[in-house]
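Structure file work.csv (CSV, C-alpha atoms) is printed below.
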```
chain,number,residue,atom,x,y,z
A,1,MET,CA,0.0,0.0,0.0
A,2,PHE,CA,1.4,3.4,-1.1
A,3,LYS,CA,-0.3,5.7,1.4
A,4,LYS,CA,1.2,8.6,-0.6
A,5,LYS,CA,-0.6,11.9,-0.8
A,6,VAL,CA,-2.1,13.2,-4.0
A,7,THR,CA,0.2,16.0,-5.2
A,8,LEU,CA,-0.7,18.8,-7.5
A,9,LYS,CA,1.2,17.0,-10.3
A,10,ILE,CA,-0.9,13.8,-9.8
A,11,LEU,CA,-4.1,15.8,-9.6
A,12,LEU,CA,-3.3,17.5,-12.9
A,13,LEU,CA,-2.5,14.1,-14.5
A,14,LEU,CA,-5.9,12.8,-13.2
A,15,ILE,CA,-7.7,15.8,-14.7
A,16,ALA,CA,-5.9,15.3,-18.0
A,17,SER,CA,-6.8,11.7,-17.9
A,18,ASP,CA,-10.5,12.5,-17.4
A,19,ILE,CA,-10.5,15.1,-20.2
A,20,LEU,CA,-8.8,12.7,-22.6
A,21,GLU,CA,-11.1,9.8,-21.6
A,22,THR,CA,-14.0,12.1,-22.4
A,23,ALA,CA,-12.4,12.9,-25.8
A,24,ILE,CA,-11.9,9.2,-26.5
A,25,HIS,CA,-15.7,8.6,-26.1
A,26,PHE,CA,-16.4,11.6,-28.2
A,27,PHE,CA,-14.0,10.6,-31.0
A,28,PHE,CA,-15.3,7.0,-31.1
A,29,LYS,CA,-18.9,8.2,-31.3
A,30,LYS,CA,-18.1,10.7,-34.0
A,31,GLY,CA,-16.3,8.1,-36.0
A,32,ALA,CA,-19.2,5.7,-35.7
A,33,MET,CA,-21.8,8.4,-36.5
A,34,ALA,CA,-20.1,9.1,-39.8
A,35,GLN,CA,-21.0,5.6,-40.9
A,36,THR,CA,-24.8,6.0,-40.5
A,37,GLU,CA,-25.6,4.2,-43.8
A,38,LEU,CA,-23.6,1.1,-42.9
A,39,ALA,CA,-24.6,-1.6,-40.4
A,40,ALA,CA,-22.7,-4.5,-39.1
A,41,VAL,CA,-25.5,-7.1,-39.3
A,42,ASP,CA,-23.5,-9.9,-41.0
A,43,LEU,CA,-19.8,-10.7,-41.7
A,44,PRO,CA,-19.5,-8.9,-45.2
A,45,SER,CA,-21.3,-5.8,-43.9
A,46,ALA,CA,-19.2,-5.9,-40.7
A,47,VAL,CA,-16.0,-5.9,-42.8
A,48,VAL,CA,-17.3,-2.9,-44.9
A,49,PHE,CA,-18.4,-1.1,-41.7
A,50,LEU,CA,-15.0,-1.7,-40.0
A,51,GLY,CA,-13.2,-0.5,-43.1
A,52,ALA,CA,-15.2,2.7,-43.2
A,53,VAL,CA,-14.7,3.3,-39.4
A,54,PHE,CA,-11.0,2.7,-39.6
A,55,SER,CA,-10.7,5.3,-42.3
A,56,SER,CA,-12.1,7.9,-40.0
A,57,PRO,CA,-9.7,10.4,-38.5
A,58,PHE,CA,-11.9,10.4,-35.4
A,59,LEU,CA,-11.1,6.8,-34.7
A,60,TRP,CA,-7.4,7.4,-35.0
A,61,ALA,CA,-7.7,10.5,-32.7
A,62,GLY,CA,-9.5,8.2,-30.2
A,63,LEU,CA,-6.9,5.5,-30.4
A,64,LEU,CA,-4.1,8.0,-29.9
A,65,SER,CA,-5.9,9.4,-26.9
A,66,VAL,CA,-6.2,5.8,-25.5
A,67,ALA,CA,-2.4,5.5,-25.7
A,68,VAL,CA,-1.9,8.8,-24.0
A,69,VAL,CA,-4.4,7.9,-21.2
A,70,PHE,CA,-2.6,4.6,-20.7
A,71,ILE,CA,0.7,6.4,-20.1
A,72,ILE,CA,-0.9,8.9,-17.8
A,73,TRP,CA,-2.9,6.3,-15.9
A,74,SER,CA,0.2,4.1,-15.5
A,75,THR,CA,2.2,7.0,-14.1
A,76,VAL,CA,-0.6,7.9,-11.7
A,77,LEU,CA,-1.0,4.3,-10.5
A,78,SER,CA,2.8,4.1,-9.9
A,79,LYS,CA,2.4,6.9,-7.4
A,80,ILE,CA,-0.9,6.5,-5.5
A,81,ASP,CA,-3.3,3.7,-4.6
A,82,LEU,CA,-5.9,2.6,-7.1
A,83,SER,CA,-8.6,3.1,-4.5
A,84,VAL,CA,-7.6,6.7,-4.3
A,85,ALA,CA,-7.0,7.3,-8.0
A,86,VAL,CA,-10.3,5.9,-9.4
A,87,PRO,CA,-12.7,8.1,-7.3
A,88,ILE,CA,-10.7,11.2,-8.1
A,89,ALA,CA,-10.8,10.3,-11.8
A,90,SER,CA,-14.6,10.0,-11.8
A,91,PHE,CA,-15.1,13.5,-13.2
A,92,SER,CA,-15.8,11.9,-16.6
A,93,TYR,CA,-19.2,10.8,-15.3
A,94,ILE,CA,-20.1,14.5,-15.7
A,95,LEU,CA,-17.9,15.4,-18.6
A,96,VAL,CA,-19.1,12.7,-21.0
A,97,PRO,CA,-22.8,13.6,-20.8
A,98,THR,CA,-22.0,17.3,-20.9
A,99,VAL,CA,-20.0,16.9,-24.1
A,100,SER,CA,-22.7,14.7,-25.5
A,101,VAL,CA,-25.3,17.4,-24.9
A,102,ILE,CA,-23.1,20.3,-26.3
A,103,PHE,CA,-21.3,18.7,-29.2
A,104,LEU,CA,-23.5,15.7,-30.2
A,105,HIS,CA,-26.8,17.4,-29.4
A,106,GLU,CA,-28.0,14.4,-27.4
A,107,HIS,CA,-30.8,14.8,-24.9
A,108,ILE,CA,-30.2,13.6,-21.4
A,109,SER,CA,-33.3,13.3,-19.2
A,110,VAL,CA,-33.7,14.5,-15.7
A,111,LEU,CA,-33.8,10.8,-14.6
A,112,ARG,CA,-30.5,10.1,-16.3
A,113,TRP,CA,-28.9,13.2,-14.6
A,114,ALA,CA,-30.3,11.9,-11.3
A,115,GLY,CA,-28.6,8.5,-11.9
A,116,ILE,CA,-25.3,10.2,-12.7
A,117,LEU,CA,-25.7,12.2,-9.4
A,118,PHE,CA,-26.3,8.9,-7.5
A,119,ILE,CA,-23.2,7.3,-9.1
A,120,LEU,CA,-21.1,10.4,-8.2
A,121,THR,CA,-22.5,10.2,-4.6
A,122,GLY,CA,-21.5,6.6,-4.4
A,123,VAL,CA,-18.0,7.4,-5.7
A,124,ILE,CA,-17.6,10.1,-3.1
A,125,LEU,CA,-18.8,7.7,-0.3
A,126,VAL,CA,-16.4,5.0,-1.5
A,127,SER,CA,-13.6,7.6,-1.6
A,128,LEU,CA,-14.4,8.7,2.0
A,129,SER,CA,-14.5,5.1,3.2
A,130,SER,CA,-11.0,4.4,1.8
A,131,LYS,CA,-9.7,7.4,3.7
A,132,GLU,CA,-11.3,6.0,6.9
A,133,ARG,CA,-9.6,2.6,6.2
A,134,ILE,CA,-6.2,4.3,5.8
A,135,ALA,CA,-6.7,6.3,9.1
A,136,GLU,CA,-7.6,3.1,11.0
A,137,THR,CA,-4.4,1.3,9.9
A,138,LYS,CA,-2.1,4.1,11.2
```

If you took the structure in this file and wrote it as structure tokens, what would it be?
Amino acid sequence: MFKKKVTLKILLLLIASDILETAIHFFFKKGAMAQTELAAVDLPSAVVFLGAVFSSPFLWAGLLSVAVVFIIWSTVLSKIDLSVAVPIASFSYILVPTVSVIFLHEHISVLRWAGILFILTGVILVSLSSKERIAETK
């Protein structure tokens, strides 16, 4: 167990990871949306669909972002506990729906926003309980 404090550098890396994770979802969605006339219902159409998707610059931007997030996340996890890093990196639960509304013009119902709020509340409670556990072991 690391028991290391979250420094400003680690916090900035976690924020960058959340932003890039949101970008990954956005890029993959945009890449898939560009192929609206295609459907992967059988093997030949799946091959055509994948060929079209792999020609999308959005897919490649998403894959590049995945590689960068992997490097950032590996760096963060080498410095702090997973049980600390994951709750801090939960901001994407708000970023993804916000980006979906603004850039993809998706509608998110009040019920869905309430569900997101419940998830975030759970993340906060889990985060607080991990701090209690660390305090008990000291």

Identify, on the basis of all atoms listed in the file, every residue whose closest approach to Leu104 of chain A does not exceed 10 Å; exclude the query and any residue fewer than 4 positions from it along the same chain; express the result as a list in words.
->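 What passes the distance filter is Phe26, Lys29, Lys30, Met33, Pro97, Thr98, Val99 and Ser100 of chain A.
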
How many Å separate atom CA of Ile108 of chain A from atom CA of Ser17 of chain A?
->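 These two atoms are separated by 23.7 Å.
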
Judged by only C-alpha atoms, the minimum distance to Ser92 of chain A among A:Trp113, A:Trp73, A:Glu21, A:Ile10 is found for A:Glu21

TODO: With a distance cut-off of 8 Å and all atoms listed in the file, select the neighbouring residues of segment 55-65 of chain A, excluding the residue or stretch itself and same-chain residues fewer than 6 positions from it, and output the selection as a PyMOL selection string.
DONE: chain A and resi 20-21+23-28+30-31

Resulting file, chosen residues, C-alpha atoms, as an mmCIF file, keeping the file's coordinate frame:
```cif
data_model
loop_
_atom_site.group_PDB
_atom_site.id
_atom_site.type_symbol
_atom_site.label_atom_id
_atom_site.label_comp_id
_atom_site.auth_asym_id
_atom_site.auth_seq_id
_atom_site.Cartn_x
_atom_site.Cartn_y
_atom_site.Cartn_z
ATOM 1 C CA LEU A 20 -8.800 12.700 -22.600
ATOM 2 C CA GLU A 21 -11.100 9.800 -21.600
ATOM 3 C CA ALA A 23 -12.400 12.900 -25.800
ATOM 4 C CA ILE A 24 -11.900 9.200 -26.500
ATOM 5 C CA HIS A 25 -15.700 8.600 -26.100
ATOM 6 C CA PHE A 26 -16.400 11.600 -28.200
ATOM 7 C CA PHE A 27 -14.000 10.600 -31.000
ATOM 8 C CA PHE A 28 -15.300 7.000 -31.100
ATOM 9 C CA LYS A 30 -18.100 10.700 -34.000
ATOM 10 C CA GLY A 31 -16.300 8.100 -36.000
#
```

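Near Thr75 of chain A, within 12 Å and counting all atoms listed in the file, sit Lys9, Ile10, Leu11, Leu12, Leu13, Leu14, Ser17, Val68, Val69, Phe70, Ile80, Asp81, Leu82 and Ala85 of chain A, not including residues fewer than 5 positions from it in the same chain.
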
Spatial neighbours of Val123 of chain A, max dist 9 Å, all atoms listed in the file, sep filter under 2 positions, as a PDB file with C-alpha atoms, keeping the file's coordinate frame:
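To be explicit, this is the file written out as result19.pdb:
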```pdb
ATOM      1  CA  VAL A  86     -10.300   5.900  -9.400  1.00  0.00           C
ATOM      2  CA  PRO A  87     -12.700   8.100  -7.300  1.00  0.00           C
ATOM      3  CA  ILE A  88     -10.700  11.200  -8.100  1.00  0.00           C
ATOM      4  CA  SER A  90     -14.600  10.000 -11.800  1.00  0.00           C
ATOM      5  CA  PHE A 118     -26.300   8.900  -7.500  1.00  0.00           C
ATOM      6  CA  ILE A 119     -23.200   7.300  -9.100  1.00  0.00           C
ATOM      7  CA  LEU A 120     -21.100  10.400  -8.200  1.00  0.00           C
ATOM      8  CA  THR A 121     -22.500  10.200  -4.600  1.00  0.00           C
ATOM      9  CA  LEU A 125     -18.800   7.700  -0.300  1.00  0.00           C
ATOM     10  CA  VAL A 126     -16.400   5.000  -1.500  1.00  0.00           C
ATOM     11  CA  SER A 127     -13.600   7.600  -1.600  1.00  0.00           C
ATOM     12  CA  LEU A 128     -14.400   8.700   2.000  1.00  0.00           C
TER      13      LEU A 128
END
```

Expressed in Å, the length from atom CA of Ile19 of chain A to atom CA of Ser109 of chain A is 22.9 Å

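Atom CA of Ile116 of chain A lies 27.2 Å from atom CA of Thr7 of chain A.
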
Could you tell me which of A:Lys4, A:Ala34, A:Leu117, A:Pro44 comes closest to Val84 of chain A if we count all atoms listed in the file?
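Of all the options, A:Lys4 lies closest to Val84 of chain A.
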